[in-house]
Amino acid sequence: MTNALDLIDDCIADLEAKLGLQPGQELSIANQGKEKGKANKKNKNEKKKSQPKPSNAPNETQPHICKLEFKVGQITKVWVHPDADKLYCEEIDVGEDAPRQIASGLRPHFSEEEMLGQRLLVVSNLKAKNLVGFKSHGMVLCAAEPKGEDGELVQFVEPPADAKIGEVISFDGLPVPEPLSASQVEKKKIFKLCLDGMKTTSDCKAAWNGHVFMTSAGPCTTKTIANGVLR
């Protein structure tokens, strides 16, 4: 007569046969789960490796002028540099948390009264320079033309009255600028590469190789200097 233990043994043997196990072989479900988890993790890692990482490299194919950053600014404070005959020290609002401190060799051309409140363009991605002990964080953009035998006329490049402080200049007919870092501009001598093409047009608009400096409110201009150099 078959007892309960024999019935249990028969059930186990039948189950082992269905699962393809040898008699007495252990089935570790936990180990199978671990192996499956490792395989899934490996597949995910392989997918991550195969996906290209986003590049933060600068856009080297854009025109050189688009690698510079020109911002609309306004002089909020100006004083004479104590140790340099030709330099003014200025604080210029360019829409940042604090005004930029910039030194400019404009004392032969403008009075302090003419400087204060002046709206202008600032080259804002140049490396800071020590100018006779004053650290200058950028450069004011001006136009110049010969005047008399040895003199010259210098004027500011001015944005339109409705241009917002801090607005970044674009260039007519060129792609949206992607300015480089100050260190990259310095290393690659970008400003120097742009100088030959930076001039005013016959109607006094600031331009680079004929591409006019633009704001959302219109072009940037000088008062009277046509076909002059920008610097």
# chains A, B, ... in the order shown; residues from 1 in each chain; ligands from 1
call {"tool": "residues_around", "arguments": {"residues": "region 112-117 of chain A", "least_positions_apart": "4", "cutoff": "7 Å", "atoms": "only C-alpha atoms", "output": "list in words"}}
result
Gln74, Ile75, Thr76, Lys77 and Val78 of chain A
call {"tool": "write_last_selection", "arguments": {"atoms": "C-alpha atoms", "output": "PDB file, in the first residue's frame"}}
result
ATOM      1  CA  GLN A  74      26.443 102.359 -20.474  1.00  0.00           C
ATOM      2  CA  ILE A  75      29.103 104.168 -18.456  1.00  0.00           C
ATOM      3  CA  THR A  76      27.809 104.721 -14.907  1.00  0.00           C
ATOM      4  CA  LYS A  77      31.027 106.021 -13.333  1.00  0.00           C
ATOM      5  CA  VAL A  78      34.278 107.466 -14.698  1.00  0.00           C
TER       6      VAL A  78
END
call {"tool": "closest_atom_pairs", "arguments": {"of": "region 183-208 of chain A", "to": "region 118-125 of chain A", "cutoff": "12 Å", "atoms": "only C-alpha atoms", "output": "CSV"}}
result
residue,atom,partner,partner_atom,distance
A:Ser183,CA,A:Asn125,CA,8.5
A:Gln184,CA,A:Asn125,CA,9.3
A:Val185,CA,A:Asn125,CA,7.4
A:Glu186,CA,A:Asn125,CA,9.3
A:Ile190,CA,A:Asn125,CA,10.5
A:Phe191,CA,A:Val123,CA,9.3
A:Ala206,CA,A:Leu121,CA,10.6
call {"tool": "closest_residue", "arguments": {"among": "A:Leu174, A:Ile169, A:Ile225, A:Leu126", "to": "Asp203 (chain A)", "atoms": "only C-alpha atoms"}}
result
A:Ile225
call {"tool": "atom_distance", "arguments": {"atom1": "CA of Val140 (chain A)", "atom2": "CA of Lys187 (chain A)"}}
result
20.6 Å
call {"tool": "residues_around", "arguments": {"residues": "Asp93 (chain A)", "least_positions_apart": "2", "cutoff": "6 Å", "atoms": "only C-alpha atoms", "output": "compact mmCIF listing (two decimals) with C-alpha atoms, in the first residue's frame"}}
result
# COMPACT_ATOMS: atom_id res chain seq x y z
CA GLY A 73 26.58 98.98 -22.20
CA GLN A 74 26.44 102.36 -20.47
CA GLY A 95 23.44 93.90 -17.81
CA PRO A 99 29.27 96.82 -13.48
call {"tool": "closest_residue", "arguments": {"among": "A:Cys220, A:Met198, A:Val94, A:Val168", "to": "Phe70 (chain A)", "atoms": "only C-alpha atoms"}}
result
A:Val168
call {"tool": "select_by_dssp", "arguments": {"residues": "region 56-222 of chain A", "states": "strand (DSSP E)", "output": "ChimeraX atom specification"}}
result
/A:70-80,88-93,100-104,119-123,129-131,134-136,139-140,142-147,151-156,170-171,198-200,206-208,211-215,218-219
